[in-house]
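K.L.:
Once you've had a glance at the structure underneath, I'll fire off some questions.
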Amino acid sequence: MEFAELIKTPRADNVILHRPFYPAVEGTLCLTGHHLILSSRRQDNAEELWLLHSNIDSIEKRFVGSLGTIIIKCKDLRIIQLDIPGMEECLNIASSIEALSTLDSVTLMYPFFYRPMFEVVEDGWHSFLPEREFELLSSVTNEWRLSYVNKEFSVCPSYPPAVTVPKSIDDEALRRVATFRHGGRFPVLSYYHKKNGMVMMRSSQPLTGTNGRRCKEDSALINATLRAGKRGYIIDTRSLNVAQQARAKGGGFEQEVQYPQWRRIHKSVERYNILQESLIKLVEACNDQSHNMDRWLSKLEASNWLTHVKEILTAACLAGQCIDREGASVLVHGTEGTDSTLQITSLAQIILDPRCRTIRGFEALVEREWLQAGHPFRLRCAQSAYSNSKQKWESPVFFLFLDCVWQILRQFPCSFEFNEHFLIMLFEHAYASQFGTFLGNNESERCKLKLSQKTMSLWSWVNQPEELRKFKNPLFEANSLVIWPSVAPQSLQLWEGVFLRWNRSSKFLDEAYEEMNNIIEYNKELQAKVNALRRQLAELETDDGMQENS
């Protein structure tokens with residue numbers, strides 16, 4: 001298919017662009033295969049807007065006489081308005097945008113056409129391979145091995161080719177366990193706690209069904225993570241009622257009779273369309289400028305977004321406490337093990353592991369616990385808060401995880417190497433990007449699409465020194481301790497940097513942030529001068545002492 005077939009009107013003059021915090025701009029609108037471009041060539045006001053079609057969530061058309069208006073609602077929550085003279089031109093442009101923003105074929109998306117304008121120093125596709133992560137693990141323990149049982153994606157289509165499992169469990173046992181777990185997602189290592197050797201594993205639900213089916217290899221696999229005389233905890237992200245209902249459909253949970261060394265805890269975390277509806281309600285409330293305080297607060301509460309944040313953080317803290325304070329290993333799963341499970345395992349690591357609070361450590365976490373772990377980004381991030389379609393599989397799972405990270409960052413502002421802009425950047429690229437990192441639903445799909453050969457990795461761009469500077473937290477001081485966030489309702493706040501950034505100007509906050517940076521840099525310069533003067537003083541005192549002795 002040629003893009004030209006979808007573009008009925010490639011160009012329109014005298015188009016007026018309206019967007020938050022900027023004066024209206026008149027210019028020429030151009031449509032390409034991947035971008036909507038509005039260019040103003042006036043000498044006193046040369047401006048350009050480049051908008052990826054894949055960033056467009058929905059559009060609305062309005063007409064007053066022959067003047068048409070297109071309102072574009074974006075996946076990054078921005079809303080822009082285009083006033084286009086001529087009804088036919090406006091209709092043509094609107095239908096072209098609709099067609100170009102809903103392309104079915106992944107290979108027609110922009111990452112396959114994007115050519116970087118920067119020198120690629122580091123190939124991000126090879127920065128966080130399982131083999132590299134396993135090297136770090138091998139330096140502290142020899143009880144685990146890297147299994148390639150899934151190298152053809154035949155055992156579990158949503159797992160990567162290499163997974164970390166107990167050394168005592170062979171590949172044949174893993175194949176048997178895979179037939180006993182939903183989607184073949186057998187328990188694999190998620191995190192090793194260096195402090196006490198406890199671990200966190202993740203999987204999908206066991207397929208016990210109504211007949212109480214069992215699998216001795218499954219018991220052996222998770223028991224291999226336990227120390228002698230120790231118990232473990234299974235954190236099920238479903239309510240007991242939902243877990244029991246799953247048995248009627250062939251799913252289920254671990255019965256204490258078959259897993260006597262494990263205690264099961266149900267920590268219900270919502271998923272799917274409930275989260276999507278929550279996001280839609282929240283964004284609608286944030287965009288409504290008309291309400292009074294009572295109406296705003298009731299709409300904020302009705303969205304339930306902060307309740308979901310609280311539920312996820314509570315479950316993550318529970319996992320962290322079991323490992324760090326109880327000295328027990330943990331297995332986390334829900335139904336599929338690709339959504340709420342990953343939210344909890346990754347947040348627990350941010351709480352427990354200082355490495356995950358650095359930029360590269362967090363990138364490795366996203367790779368390991370989201371991309372390689374098989375979170376279906378293409379399905380979940382197909383639409384955002386302005387979507388008109390109500391598909392069951394669209395859900396802001398990763399977005400909610402980033403919000404939870406922001407909550408912890410806000411409570412511990414000196415413990416993270418990255419800043420809020422880093423989290424916002426990841427949110428934006430998960431929904432629409434020139435990079436191939438978040439394309440596809442799992443590693444199997446990414447291999448078939450040959451993304452590492454045909455597209456650029458997001459990490460190749462982010463990890464350039466000049467880009468990294470934008471994402472560094474000037475307050476960062478490495479903190480090797482476990483950090484326990486408060487999950488009290490009073491401690492959780494609306495993430496204004498995302499939800500209100502298109503509704504109110506951040507000019508003064510940006511200026512304050514810049515001033516803070518300047519003060520910190522000046523402080524570093526003064527500290528360096530103090531250290532230099534101290535060295536000089538020490539040298540002079542040494543010289544004086546030598547002269548007195550002689």
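In the structure tokens, chains take the letters A, B, ... in the order shown, each chain's residues start at 1, and ligands count up from 1 in the order shown.
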Might you pull out every residue within 12 Å of region 167-183 of chain A, with only C-alpha atoms counted and same-chain residues fewer than 5 positions away left off, and present them as a ChimeraX atom specification?
P.N.:
/A:138,141-151,153-159,162,188-189,202-209,212-225,246-247,249-254,333-338,374
K.L.:
Excluding same-chain residues fewer than 6 positions from Ala328 (chain A), what lies within 8 Å of it counting only C-alpha atoms, as a list in words?
P.N.:
Met198, Val199, Leu226, Lys230, Arg231, Gly232, Tyr233 and Cys322 of chain A
K.L.:
For each of A:Val140, A:Leu494, A:Cys30, A:Leu17, take the minimum atom-to-atom distance to Lys195 (chain A), counting only C-alpha atoms, then give the residue where this is smallest.
P.N.:
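Looking at the shortest contact to Lys195 (chain A), the residue is A:Val140.
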K.L.:
Neighbouring residues of Asp76 (chain A) were defined as those with any atom within 12 Å, considering only C-alpha atoms; residues of the same chain fewer than 3 positions away were excluded. Please report them as a VMD selection string.
P.N.:
chain A and resid 51 to 52 54 to 58 72 to 73 79 to 80 283 381 383 to 386 399 424 to 433 497 to 502
K.L.:
Write out as JSON, numbers by chain the residues lying within 10 Å of Glu131 (chain A), counting only C-alpha atoms and excluding same-chain residues fewer than 2 positions away.
P.N.:
{"A": [128, 129, 133, 134, 135, 136, 137, 146, 162, 163, 164]}
K.L.:
For each of A:Glu88, A:Glu152, A:Asp353, A:Asp123, take the minimum atom-to-atom distance to Trp484 (chain A), counting only C-alpha atoms, then give the residue where this is smallest.
P.N.:
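Distance minimum relative to Trp484 (chain A) lands on A:Asp353.
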K.L.:
Tell me, in Å to one decimal, how far CA of Leu468 (chain A) is from CA of Leu451 (chain A).
P.N.:
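Between CA of Leu468 (chain A) and CA of Leu451 (chain A) the gap is 23.6 Å.
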K.L.:
Which residues are near Thr345 (chain A)? Cut-off 12 Å, only C-alpha atoms, ignore same chain within fewer than 6 positions. Put them as an NGL selection string.
P.N.:
:A and (188-192 or 199-203 or 235-237 or 312-313 or 315-320 or 323 or 330-334 or 337-339 or 351-353 or 356 or 365-366 or 368-370 or 373 or 401)
K.L.:
Find the distance between CA of Leu449 (chain A) and CA of Leu100 (chain A) and write it in Å to one decimal.
P.N.:
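Pair CA of Leu449 (chain A) / CA of Leu100 (chain A) returns 20.3 Å.
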K.L.:
Env of Thr314 (chain A): 10 Å cut, atoms = only C-alpha atoms, seq-sep filter 3 positions within chain, self excluded. Answer as a PyMOL selection string.
P.N.:
chain A and resi 267+269+308-311+317-320+344+348+485-488
K.L.:
Take the selection from the previous step and output its residues with all heavy atoms, as an mmCIF file, in the first residue's frame.
P.N.:
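Just written: part-v1.cif:
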data_model
loop_
_atom_site.group_PDB
_atom_site.id
_atom_site.type_symbol
_atom_site.label_atom_id
_atom_site.label_comp_id
_atom_site.auth_asym_id
_atom_site.auth_seq_id
_atom_site.Cartn_x
_atom_site.Cartn_y
_atom_site.Cartn_z
ATOM 1 N N LYS A 267 -3.991 -9.924 46.774
ATOM 2 C CA LYS A 267 -3.933 -8.458 46.765
ATOM 3 C C LYS A 267 -4.540 -7.990 45.445
ATOM 4 O O LYS A 267 -3.873 -7.956 44.412
ATOM 5 C CB LYS A 267 -2.474 -7.982 46.861
ATOM 6 C CG LYS A 267 -1.981 -7.839 48.275
ATOM 7 C CD LYS A 267 -2.618 -6.613 48.918
ATOM 8 C CE LYS A 267 -2.243 -6.506 50.388
ATOM 9 N NZ LYS A 267 -3.041 -5.487 51.050
ATOM 10 N N VAL A 269 -5.625 -6.216 42.308
ATOM 11 C CA VAL A 269 -5.200 -5.071 41.498
ATOM 12 C C VAL A 269 -6.046 -5.082 40.227
ATOM 13 O O VAL A 269 -6.116 -6.100 39.526
ATOM 14 C CB VAL A 269 -3.696 -5.169 41.143
ATOM 15 C CG1 VAL A 269 -3.298 -4.053 40.178
ATOM 16 C CG2 VAL A 269 -2.839 -5.108 42.402
ATOM 17 N N HIS A 308 -6.203 3.168 42.279
ATOM 18 C CA HIS A 308 -5.412 2.141 41.587
ATOM 19 C C HIS A 308 -3.924 2.300 41.912
ATOM 20 O O HIS A 308 -3.219 1.308 42.121
ATOM 21 C CB HIS A 308 -5.630 2.222 40.076
ATOM 22 C CG HIS A 308 -7.052 2.047 39.652
ATOM 23 N ND1 HIS A 308 -7.868 1.066 40.189
ATOM 24 C CD2 HIS A 308 -7.819 2.731 38.758
ATOM 25 C CE1 HIS A 308 -9.073 1.157 39.630
ATOM 26 N NE2 HIS A 308 -9.064 2.158 38.774
ATOM 27 N N VAL A 309 -3.453 3.540 41.967
ATOM 28 C CA VAL A 309 -2.048 3.806 42.337
ATOM 29 C C VAL A 309 -1.771 3.230 43.724
ATOM 30 O O VAL A 309 -0.768 2.545 43.949
ATOM 31 C CB VAL A 309 -1.756 5.330 42.306
ATOM 32 C CG1 VAL A 309 -0.422 5.653 42.967
ATOM 33 C CG2 VAL A 309 -1.772 5.843 40.864
ATOM 34 N N LYS A 310 -2.695 3.499 44.649
ATOM 35 C CA LYS A 310 -2.538 3.019 46.040
ATOM 36 C C LYS A 310 -2.521 1.482 46.093
ATOM 37 O O LYS A 310 -1.690 0.887 46.778
ATOM 38 C CB LYS A 310 -3.676 3.576 46.905
ATOM 39 C CG LYS A 310 -3.609 3.123 48.371
ATOM 40 C CD LYS A 310 -4.734 3.739 49.155
ATOM 41 C CE LYS A 310 -4.903 3.229 50.552
ATOM 42 N NZ LYS A 310 -3.864 2.459 51.176
ATOM 43 N N GLU A 311 -3.434 0.832 45.359
ATOM 44 C CA GLU A 311 -3.506 -0.640 45.358
ATOM 45 C C GLU A 311 -2.189 -1.252 44.882
ATOM 46 O O GLU A 311 -1.675 -2.205 45.483
ATOM 47 C CB GLU A 311 -4.631 -1.112 44.420
ATOM 48 C CG GLU A 311 -6.024 -0.960 44.976
ATOM 49 C CD GLU A 311 -7.089 -1.281 43.929
ATOM 50 O OE1 GLU A 311 -6.730 -1.532 42.747
ATOM 51 O OE2 GLU A 311 -8.282 -1.285 44.282
ATOM 52 N N CYS A 317 4.818 -2.909 48.027
ATOM 53 C CA CYS A 317 5.424 -2.807 49.371
ATOM 54 C C CYS A 317 5.321 -4.132 50.115
ATOM 55 O O CYS A 317 6.257 -4.528 50.820
ATOM 56 C CB CYS A 317 4.744 -1.700 50.180
ATOM 57 S SG CYS A 317 5.193 -0.034 49.646
ATOM 58 N N LEU A 318 4.186 -4.814 49.947
ATOM 59 C CA LEU A 318 4.014 -6.119 50.584
ATOM 60 C C LEU A 318 5.083 -7.099 50.073
ATOM 61 O O LEU A 318 5.727 -7.800 50.866
ATOM 62 C CB LEU A 318 2.615 -6.668 50.295
ATOM 63 C CG LEU A 318 2.360 -8.100 50.760
ATOM 64 C CD1 LEU A 318 2.414 -8.206 52.283
ATOM 65 C CD2 LEU A 318 1.021 -8.613 50.246
ATOM 66 N N ALA A 319 5.281 -7.146 48.752
ATOM 67 C CA ALA A 319 6.301 -8.031 48.172
ATOM 68 C C ALA A 319 7.676 -7.681 48.734
ATOM 69 O O ALA A 319 8.457 -8.567 49.117
ATOM 70 C CB ALA A 319 6.290 -7.923 46.646
ATOM 71 N N GLY A 320 7.963 -6.367 48.812
ATOM 72 C CA GLY A 320 9.251 -5.912 49.340
ATOM 73 C C GLY A 320 9.448 -6.301 50.796
ATOM 74 O O GLY A 320 10.534 -6.729 51.201
ATOM 75 N N ILE A 344 3.879 -4.982 39.922
ATOM 76 C CA ILE A 344 4.301 -5.257 41.305
ATOM 77 C C ILE A 344 5.767 -5.671 41.366
ATOM 78 O O ILE A 344 6.522 -5.180 42.209
ATOM 79 C CB ILE A 344 3.370 -6.316 41.925
ATOM 80 C CG1 ILE A 344 1.996 -5.680 42.161
ATOM 81 C CG2 ILE A 344 3.940 -6.850 43.237
ATOM 82 C CD1 ILE A 344 0.874 -6.647 42.339
ATOM 83 N N ALA A 348 8.485 -3.310 43.251
ATOM 84 C CA ALA A 348 9.173 -3.885 44.407
ATOM 85 C C ALA A 348 10.686 -3.741 44.244
ATOM 86 O O ALA A 348 11.408 -3.476 45.221
ATOM 87 C CB ALA A 348 8.789 -5.357 44.565
ATOM 88 N N PRO A 485 7.947 3.694 50.499
ATOM 89 C CA PRO A 485 7.029 4.815 50.248
ATOM 90 C C PRO A 485 5.782 4.729 51.119
ATOM 91 O O PRO A 485 5.334 3.628 51.468
ATOM 92 C CB PRO A 485 6.672 4.647 48.767
ATOM 93 C CG PRO A 485 6.858 3.191 48.489
ATOM 94 C CD PRO A 485 7.971 2.729 49.388
ATOM 95 N N SER A 486 5.240 5.874 51.457
ATOM 96 C CA SER A 486 3.962 5.912 52.167
ATOM 97 C C SER A 486 2.843 5.692 51.149
ATOM 98 O O SER A 486 2.852 6.281 50.066
ATOM 99 C CB SER A 486 3.773 7.269 52.843
ATOM 100 O OG SER A 486 2.431 7.413 53.264
ATOM 101 N N VAL A 487 1.890 4.847 51.501
ATOM 102 C CA VAL A 487 0.740 4.630 50.614
ATOM 103 C C VAL A 487 -0.538 5.215 51.234
ATOM 104 O O VAL A 487 -1.635 4.940 50.776
ATOM 105 C CB VAL A 487 0.541 3.132 50.292
ATOM 106 C CG1 VAL A 487 1.702 2.604 49.481
ATOM 107 C CG2 VAL A 487 0.345 2.307 51.559
ATOM 108 N N ALA A 488 -0.362 6.016 52.288
ATOM 109 C CA ALA A 488 -1.520 6.694 52.890
ATOM 110 C C ALA A 488 -2.141 7.615 51.841
ATOM 111 O O ALA A 488 -1.420 8.235 51.055
ATOM 112 C CB ALA A 488 -1.076 7.503 54.105
#
K.L.:
Give the alpha helix (DSSP H) residues of region 69-180 of chain A, as DSSP finds them on the backbone, and put them as a CSV table (one decimal) with N, CA, C and O atoms, in the first residue's frame.
P.N.:
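Written out: out.csv:
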chain,number,residue,atom,x,y,z
A,87,MET,N,-14.7,23.5,3.0
A,87,MET,CA,-15.3,22.3,3.6
A,87,MET,C,-14.7,21.1,3.0
A,87,MET,O,-14.4,20.1,3.7
A,88,GLU,N,-14.5,21.0,1.7
A,88,GLU,CA,-14.0,19.8,1.0
A,88,GLU,C,-12.6,19.5,1.5
A,88,GLU,O,-12.2,18.4,1.8
A,89,GLU,N,-11.7,20.6,1.5
A,89,GLU,CA,-10.4,20.4,2.0
A,89,GLU,C,-10.3,19.9,3.4
A,89,GLU,O,-9.6,19.0,3.7
A,90,CYS,N,-11.2,20.4,4.3
A,90,CYS,CA,-11.2,20.0,5.7
A,90,CYS,C,-11.6,18.5,5.8
A,90,CYS,O,-11.0,17.8,6.5
A,91,LEU,N,-12.7,18.1,5.0
A,91,LEU,CA,-13.1,16.7,5.1
A,91,LEU,C,-12.1,15.8,4.6
A,91,LEU,O,-11.8,14.7,5.2
A,92,ASN,N,-11.4,16.2,3.5
A,92,ASN,CA,-10.3,15.3,2.9
A,92,ASN,C,-9.2,15.2,3.9
A,92,ASN,O,-8.7,14.1,4.1
A,93,ILE,N,-8.8,16.3,4.5
A,93,ILE,CA,-7.7,16.2,5.5
A,93,ILE,C,-8.1,15.4,6.7
A,93,ILE,O,-7.3,14.5,7.2
A,94,ALA,N,-9.3,15.5,7.2
A,94,ALA,CA,-9.8,14.8,8.4
A,94,ALA,C,-9.8,13.3,8.1
A,94,ALA,O,-9.3,12.5,8.9
A,95,SER,N,-10.3,12.9,6.9
A,95,SER,CA,-10.3,11.4,6.6
A,95,SER,C,-8.9,10.9,6.3
A,95,SER,O,-8.7,9.7,6.7
A,96,SER,N,-8.0,11.7,5.8
A,96,SER,CA,-6.6,11.3,5.6
A,96,SER,C,-6.0,11.0,6.9
A,96,SER,O,-5.3,10.0,7.1
A,97,ILE,N,-6.2,12.0,7.9
A,97,ILE,CA,-5.6,11.8,9.2
A,97,ILE,C,-6.1,10.6,9.9
A,97,ILE,O,-5.4,9.8,10.5
A,98,GLU,N,-7.4,10.3,9.8
A,98,GLU,CA,-8.0,9.2,10.4
A,98,GLU,C,-7.4,7.9,9.9
A,98,GLU,O,-7.1,7.0,10.6
A,99,ALA,N,-7.2,7.8,8.5
A,99,ALA,CA,-6.7,6.6,7.9
A,99,ALA,C,-5.2,6.4,8.3
A,99,ALA,O,-4.8,5.3,8.6
A,100,LEU,N,-4.5,7.5,8.3
A,100,LEU,CA,-3.0,7.4,8.6
A,100,LEU,C,-2.7,7.1,10.1
A,100,LEU,O,-1.7,6.6,10.4
A,130,PRO,N,19.6,-10.5,28.3
A,130,PRO,CA,19.6,-11.3,29.5
A,130,PRO,C,20.9,-11.9,29.9
A,130,PRO,O,21.2,-12.0,31.1
A,131,GLU,N,21.8,-12.1,29.0
A,131,GLU,CA,23.2,-12.6,29.3
A,131,GLU,C,23.9,-11.6,30.2
A,131,GLU,O,24.6,-12.0,31.1
A,132,ARG,N,23.8,-10.3,29.9
A,132,ARG,CA,24.4,-9.3,30.7
A,132,ARG,C,23.9,-9.2,32.1
A,132,ARG,O,24.6,-9.1,33.1
A,133,GLU,N,22.6,-9.3,32.2
A,133,GLU,CA,21.9,-9.3,33.5
A,133,GLU,C,22.3,-10.5,34.3
A,133,GLU,O,22.6,-10.4,35.5
A,134,PHE,N,22.5,-11.7,33.6
A,134,PHE,CA,22.8,-12.9,34.3
A,134,PHE,C,24.3,-12.8,34.8
A,134,PHE,O,24.6,-13.4,35.9
A,135,GLU,N,25.1,-12.1,34.1
A,135,GLU,CA,26.5,-11.9,34.6
A,135,GLU,C,26.5,-11.3,35.9
A,135,GLU,O,27.3,-11.6,36.8
A,136,LEU,N,25.7,-10.2,36.1
A,136,LEU,CA,25.6,-9.5,37.4
A,136,LEU,C,25.1,-10.5,38.5
A,136,LEU,O,25.6,-10.4,39.6
A,137,LEU,N,24.1,-11.3,38.2
A,137,LEU,CA,23.6,-12.3,39.1
A,137,LEU,C,24.7,-13.3,39.5
A,137,LEU,O,24.9,-13.6,40.7
A,138,SER,N,25.4,-13.8,38.5
A,138,SER,CA,26.5,-14.8,38.8
A,138,SER,C,27.6,-14.3,39.7
A,138,SER,O,28.3,-15.1,40.3
A,171,ASP,N,15.6,-28.5,31.8
A,171,ASP,CA,14.7,-28.0,30.8
A,171,ASP,C,13.5,-28.8,30.6
A,171,ASP,O,12.4,-28.3,30.3
A,172,GLU,N,13.6,-30.2,30.8
A,172,GLU,CA,12.5,-31.0,30.6
A,172,GLU,C,11.4,-30.7,31.6
A,172,GLU,O,10.2,-30.7,31.3
A,173,ALA,N,11.9,-30.5,32.9
A,173,ALA,CA,10.9,-30.1,33.9
A,173,ALA,C,10.2,-28.8,33.6
A,173,ALA,O,9.0,-28.6,33.8
A,174,LEU,N,11.0,-27.8,33.0
A,174,LEU,CA,10.4,-26.5,32.7
A,174,LEU,C,9.3,-26.7,31.6
A,174,LEU,O,8.3,-26.0,31.7
A,175,ARG,N,9.6,-27.6,30.7
A,175,ARG,CA,8.5,-27.9,29.6
A,175,ARG,C,7.2,-28.4,30.3
A,175,ARG,O,6.1,-28.0,29.9
A,176,ARG,N,7.4,-29.2,31.3
A,176,ARG,CA,6.2,-29.8,31.9
A,176,ARG,C,5.5,-28.7,32.7
A,176,ARG,O,4.2,-28.6,32.7
A,177,VAL,N,6.2,-27.9,33.4
A,177,VAL,CA,5.6,-26.8,34.2
A,177,VAL,C,4.9,-25.8,33.3
A,177,VAL,O,3.8,-25.3,33.6
A,178,ALA,N,5.5,-25.6,32.1
A,178,ALA,CA,4.9,-24.6,31.1
A,178,ALA,C,3.5,-25.1,30.7
A,178,ALA,O,2.6,-24.3,30.5
A,179,THR,N,3.2,-26.4,30.7
A,179,THR,CA,1.9,-26.9,30.3
A,179,THR,C,0.9,-26.8,31.4
A,179,THR,O,-0.3,-26.9,31.2
A,180,PHE,N,1.4,-26.5,32.6
A,180,PHE,CA,0.6,-26.3,33.8
A,180,PHE,C,0.3,-24.9,34.2
A,180,PHE,O,-0.4,-24.6,35.1
K.L.:
Please return as a list in words: the residues of region 197-421 of chain A that backbone DSSP assigns to strand (DSSP E).
P.N.:
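Taking region 197-421 of chain A and keeping strand (DSSP E) only, one gets Val199, Met200, Met201, Arg202, Gly232, Tyr233, Ile234, Ile235, Asp236, Trp262, Arg263, Arg264, Ile265, His266, Val330, Leu331, Val332 and His333 of chain A.
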K.L.:
When you count only C-alpha atoms, which of these residues is closest to Gln490 (chain A): A:Leu275, A:Leu306, A:Val242, A:Leu400?
P.N.:
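Of A:Leu275, A:Leu306, A:Val242, A:Leu400, the one nearest Gln490 (chain A) is A:Leu306, counting only C-alpha atoms.
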